[in-house]
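Trainee: Let me begin by handing over the structure; questions about it come next.
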Amino acid sequence: MASVFRAAIERMAGYAPGEQPQETGWIKLNTNENPYPPSPRVVDAIRRAAEGRLNVYPDPDASGFRRVAAALFQVDPDWILPANGSDENLTIITRSFCDSGEMIGYPYPSYVLYESLAQIQGSHVVRLLLNQSWNWDSAAAADLRRQLRIFFVPNPNSPTGTLWTADQLTELLPDNGVLVLDEAYGDFPAHPHRGELLRDARFDRRLIVTRTLSKSYSLAGIRFGFSVAHPDLIAGMRKVKDSYNCDAVAIAAATAALEDQDWMLQNRARILATRDRLAAALKAVGFCVTPSETNFLWTTHPTGRHQAIYEQLKARKILVRYMKFANATADGQTLDGLRLTIGTDEEIDRLLLALTEIVASL
Ligand SMILES: *Cc1c(COP(=O)(O)O)cnc(C)c1O
């Protein structure tokens, strides 16, 4: 039977998210979730929302949420657009700014979902290759700027955990398009920004910052994210989103989560302390570790046996992310390694014990 799909869909492989085992007993360090629960105020807000008026549609603009998010970024509420998870931010942006046949760029290695979004849209995708210090070549960036409608840049980046400066990022603003800073990990750097970049004139009001509640706010199970950008951009993006893209329970949870900054910051501090301890211990048993500004570590081992390490951890019910990036260099080399989410101290102790045994037997 002939395919009934659009050619673009027929051709694409589809994005493969990290494994989500549904049974208990796993130490789950593969998709950068927060190991700590959300604020009790979030759970209260969910209960109240569930006991409230679920028979009517939610506020299509999530006005209360927008006010709280706007205050955090020191902007007006019309700079905020809520979304059903940050991946929906990225979908709305792709549909808003890039036609089929036009071009989307992103640094590589980074978040390959951008590539799937471009494929669904029928857009072309170009990778800006990163070098060994996880930076790009300025001349290559200048060349891309002329062609792109959207430049997606995770900052801090995944899987490397590295952060680019505002000066570096100015090299990526498309001449005739938008620069999207995907700040899924934006609360973890030593000095998180609170909207300064959005007011930086060098970005010509064509910068969009995306945030998620999934990582720093411990709410991956509730789908919620938001975009922050100049109201002219937000007004156009609002036409693209589903009217009721965020449900009443999620809006209530996300609002309460942003209101309890202390809770988020305490968990963040614990995670950063555990991360630094893990980084030192990994180096002591021979791993190379990229300094991280996030809640995960990118690590490689001199033996290069990353897939074997991943599998042996999995056999012990410890799940980490084995990542492999084909054509990661100009001469077509593949790059691989392990991305380790920072769990609780107990989880990280078990990981370290297992890794120490595994590398001793390689
Ligand atoms: C986790 C993540 C997202 C998506 O977050 P959700 O809100 O859970 O959809 C987006 N971008 C990057 C780089 C991420 O790591």
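The way I read the labels, and the way they are meant: chains A, B, ... in the order of the structure tokens, residue 1 as the first residue of every chain, and ligand 1 as the first ligand shown, with later ones counted on from there.
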Running DSSP on the backbone, which parts of range 41-172 of chain A land in helix (DSSP H, G or I), as a ChimeraX atom specification?

Mentor: /A:41-51,63-73,77-79,86-97,113-121,138-145,166-172

Trainee: Counting only C-alpha atoms and all ligand atoms, give me one row per residue of chain A with an atom at most 10 Å from an atom of ligand 1, showing the shortest contact pair and its distance in Å to one decimal, sorted by chain then residue number, as JSON lines.

Mentor:
```
{"residue": "A:Thr31", "atom": "CA", "partner": "ligand 1", "partner_atom_place_in_ligand_line": "1 (C)", "distance": 7.4}
{"residue": "A:Asn32", "atom": "CA", "partner": "ligand 1", "partner_atom_place_in_ligand_line": "1 (C)", "distance": 7.0}
{"residue": "A:Glu33", "atom": "CA", "partner": "ligand 1", "partner_atom_place_in_ligand_line": "1 (C)", "distance": 8.0}
{"residue": "A:Ala83", "atom": "CA", "partner": "ligand 1", "partner_atom_place_in_ligand_line": "7 (O)", "distance": 8.3}
{"residue": "A:Asn84", "atom": "CA", "partner": "ligand 1", "partner_atom_place_in_ligand_line": "7 (O)", "distance": 7.3}
{"residue": "A:Gly85", "atom": "CA", "partner": "ligand 1", "partner_atom_place_in_ligand_line": "7 (O)", "distance": 3.5}
{"residue": "A:Ser86", "atom": "CA", "partner": "ligand 1", "partner_atom_place_in_ligand_line": "7 (O)", "distance": 3.5}
{"residue": "A:Asp87", "atom": "CA", "partner": "ligand 1", "partner_atom_place_in_ligand_line": "9 (O)", "distance": 3.8}
{"residue": "A:Glu88", "atom": "CA", "partner": "ligand 1", "partner_atom_place_in_ligand_line": "9 (O)", "distance": 6.5}
{"residue": "A:Asn89", "atom": "CA", "partner": "ligand 1", "partner_atom_place_in_ligand_line": "9 (O)", "distance": 8.0}
{"residue": "A:Leu90", "atom": "CA", "partner": "ligand 1", "partner_atom_place_in_ligand_line": "10 (C)", "distance": 7.8}
{"residue": "A:Ser110", "atom": "CA", "partner": "ligand 1", "partner_atom_place_in_ligand_line": "13 (C)", "distance": 7.5}
{"residue": "A:Tyr111", "atom": "CA", "partner": "ligand 1", "partner_atom_place_in_ligand_line": "13 (C)", "distance": 5.4}
{"residue": "A:Val112", "atom": "CA", "partner": "ligand 1", "partner_atom_place_in_ligand_line": "13 (C)", "distance": 8.8}
{"residue": "A:Leu113", "atom": "CA", "partner": "ligand 1", "partner_atom_place_in_ligand_line": "11 (N)", "distance": 8.1}
{"residue": "A:Tyr114", "atom": "CA", "partner": "ligand 1", "partner_atom_place_in_ligand_line": "11 (N)", "distance": 9.0}
{"residue": "A:Phe152", "atom": "CA", "partner": "ligand 1", "partner_atom_place_in_ligand_line": "13 (C)", "distance": 9.7}
{"residue": "A:Val153", "atom": "CA", "partner": "ligand 1", "partner_atom_place_in_ligand_line": "13 (C)", "distance": 8.4}
{"residue": "A:Pro154", "atom": "CA", "partner": "ligand 1", "partner_atom_place_in_ligand_line": "13 (C)", "distance": 5.3}
{"residue": "A:Asn155", "atom": "CA", "partner": "ligand 1", "partner_atom_place_in_ligand_line": "13 (C)", "distance": 7.8}
{"residue": "A:Pro156", "atom": "CA", "partner": "ligand 1", "partner_atom_place_in_ligand_line": "13 (C)", "distance": 8.1}
{"residue": "A:Asn157", "atom": "CA", "partner": "ligand 1", "partner_atom_place_in_ligand_line": "13 (C)", "distance": 6.8}
{"residue": "A:Ser158", "atom": "CA", "partner": "ligand 1", "partner_atom_place_in_ligand_line": "13 (C)", "distance": 5.8}
{"residue": "A:Pro159", "atom": "CA", "partner": "ligand 1", "partner_atom_place_in_ligand_line": "15 (O)", "distance": 8.3}
{"residue": "A:Leu181", "atom": "CA", "partner": "ligand 1", "partner_atom_place_in_ligand_line": "13 (C)", "distance": 9.4}
{"residue": "A:Asp182", "atom": "CA", "partner": "ligand 1", "partner_atom_place_in_ligand_line": "11 (N)", "distance": 5.8}
{"residue": "A:Glu183", "atom": "CA", "partner": "ligand 1", "partner_atom_place_in_ligand_line": "13 (C)", "distance": 7.0}
{"residue": "A:Ala184", "atom": "CA", "partner": "ligand 1", "partner_atom_place_in_ligand_line": "12 (C)", "distance": 4.9}
{"residue": "A:Tyr185", "atom": "CA", "partner": "ligand 1", "partner_atom_place_in_ligand_line": "15 (O)", "distance": 6.9}
{"residue": "A:Gly186", "atom": "CA", "partner": "ligand 1", "partner_atom_place_in_ligand_line": "13 (C)", "distance": 9.9}
{"residue": "A:Thr210", "atom": "CA", "partner": "ligand 1", "partner_atom_place_in_ligand_line": "10 (C)", "distance": 8.1}
{"residue": "A:Arg211", "atom": "CA", "partner": "ligand 1", "partner_atom_place_in_ligand_line": "7 (O)", "distance": 7.2}
{"residue": "A:Thr212", "atom": "CA", "partner": "ligand 1", "partner_atom_place_in_ligand_line": "7 (O)", "distance": 4.2}
{"residue": "A:Leu213", "atom": "CA", "partner": "ligand 1", "partner_atom_place_in_ligand_line": "7 (O)", "distance": 6.0}
{"residue": "A:Ser214", "atom": "CA", "partner": "ligand 1", "partner_atom_place_in_ligand_line": "8 (O)", "distance": 4.9}
{"residue": "A:Lys215", "atom": "CA", "partner": "ligand 1", "partner_atom_place_in_ligand_line": "1 (C)", "distance": 6.7}
{"residue": "A:Leu219", "atom": "CA", "partner": "ligand 1", "partner_atom_place_in_ligand_line": "8 (O)", "distance": 8.2}
{"residue": "A:Ala220", "atom": "CA", "partner": "ligand 1", "partner_atom_place_in_ligand_line": "8 (O)", "distance": 5.5}
{"residue": "A:Gly221", "atom": "CA", "partner": "ligand 1", "partner_atom_place_in_ligand_line": "8 (O)", "distance": 8.2}
{"residue": "A:Ile222", "atom": "CA", "partner": "ligand 1", "partner_atom_place_in_ligand_line": "8 (O)", "distance": 8.5}
{"residue": "A:Arg223", "atom": "CA", "partner": "ligand 1", "partner_atom_place_in_ligand_line": "7 (O)", "distance": 6.2}
{"residue": "A:Phe224", "atom": "CA", "partner": "ligand 1", "partner_atom_place_in_ligand_line": "7 (O)", "distance": 5.6}
{"residue": "A:Gly225", "atom": "CA", "partner": "ligand 1", "partner_atom_place_in_ligand_line": "7 (O)", "distance": 5.1}
{"residue": "A:Phe226", "atom": "CA", "partner": "ligand 1", "partner_atom_place_in_ligand_line": "7 (O)", "distance": 8.4}
```

Trainee: Near range 322-337 of chain A, counting only C-alpha atoms, which residues have an atom at most 12 Å away, once you skip same-chain residues fewer than 6 positions from it, shown as a VMD selection string?

Mentor: chain A and resid 16 to 19 29 to 31 107 to 112 127 to 132 134 136 to 137 140 158 to 160 287 to 290 297 to 314

Trainee: Would you kindly return, as an mmCIF file with C-alpha atoms, in the first residue's frame, each protein, DNA or RNA residue with an atom no farther than 12 Å from any atom of Val125 in chain A, considering only C-alpha atoms and excluding same-chain residues fewer than 6 positions away?

Mentor:
```cif
data_model
loop_
_atom_site.group_PDB
_atom_site.id
_atom_site.type_symbol
_atom_site.label_atom_id
_atom_site.label_comp_id
_atom_site.auth_asym_id
_atom_site.auth_seq_id
_atom_site.Cartn_x
_atom_site.Cartn_y
_atom_site.Cartn_z
ATOM 1 C CA THR A 94 9.108 26.275 14.706
ATOM 2 C CA CYS A 98 10.053 28.799 9.746
ATOM 3 C CA ASP A 99 8.248 27.773 6.577
ATOM 4 C CA SER A 100 8.796 24.510 4.773
ATOM 5 C CA GLY A 101 11.892 24.859 2.616
ATOM 6 C CA GLU A 102 13.415 27.476 4.963
ATOM 7 C CA MET A 103 16.276 26.797 7.326
ATOM 8 C CA ILE A 104 16.744 26.015 11.017
ATOM 9 C CA GLY A 105 20.150 25.803 12.688
ATOM 10 C CA TYR A 106 21.459 24.401 15.949
ATOM 11 C CA PRO A 107 24.821 23.622 17.529
ATOM 12 C CA TYR A 108 25.952 20.001 17.402
ATOM 13 C CA VAL A 112 18.505 16.705 18.496
ATOM 14 C CA LEU A 113 14.756 17.252 18.980
ATOM 15 C CA TYR A 114 15.261 20.495 16.989
ATOM 16 C CA GLU A 115 16.077 18.345 14.007
ATOM 17 C CA SER A 116 12.832 16.354 14.341
ATOM 18 C CA LEU A 117 10.790 19.568 14.645
ATOM 19 C CA ALA A 118 12.405 20.909 11.478
ATOM 20 C CA GLN A 119 11.670 17.663 9.650
ATOM 21 C CA LEU A 144 24.804 30.503 8.917
ATOM 22 C CA GLN A 147 20.491 31.730 5.922
ATOM 23 C CA LEU A 148 18.527 30.887 9.048
ATOM 24 C CA ARG A 149 15.001 31.690 10.183
ATOM 25 C CA ILE A 150 15.573 30.077 13.597
ATOM 26 C CA PHE A 151 18.756 29.358 15.527
ATOM 27 C CA PHE A 152 18.003 26.980 18.429
#
```

Trainee: To one decimal place, how far is CA of Arg205 in chain A from CA of Pro174 in chain A in Å?

Mentor: 11.9 Å

Trainee: Using DSSP assignments from the backbone, pull out every residue in range 56-295 of chain A that falls under strand (DSSP E) and give it to me as an MDAnalysis selection string.

Mentor: chainID A and resid 80:83 103:108 124:129 150:154 178:182 207:212 225:228 288:289

Trainee: List the spatial neighbours of Ala256 in chain A as a list in words - criterion: any atom at most 12 Å away, only C-alpha atoms, same-chain residues fewer than 4 positions off excluded.

Mentor: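 Using only C-alpha atoms, the neighbours found are Pro38, Ser39, Pro40, Arg41, Val42, Val43, Asp44, Ala45, Ile46, Arg47, Arg48, Ala49, Gly64, Phe65, Val68, Ala69, Leu213, Tyr217, Leu219, Val249, Ala250, Ile251, Ala252, Asp260, Gln261, Asp262, Trp263 and Met264 of chain A.
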
Trainee: Give me, please, the distance in Å between CA of Ala273 in chain A and CA of Ala257 in chain A, quoted to one decimal.

Mentor: 22.1 Å

Trainee: Quick one: of A:Pro77, A:Pro58, A:Gly52, A:Pro21, who's nearest to Ile234 in chain A, counting only C-alpha atoms?

Mentor: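 Answer, going by the shortest atom-to-atom distance: A:Pro77.
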
Trainee: For range 346-354 of chain A, find every residue with an atom within 12 Å (counting only C-alpha atoms), except residues of its own chain fewer than 5 positions away, and show them as number ranges by chain.

Mentor: A: 25-29, 35-36, 271, 273-285, 287, 296-297, 309-320, 340-341, 359-361
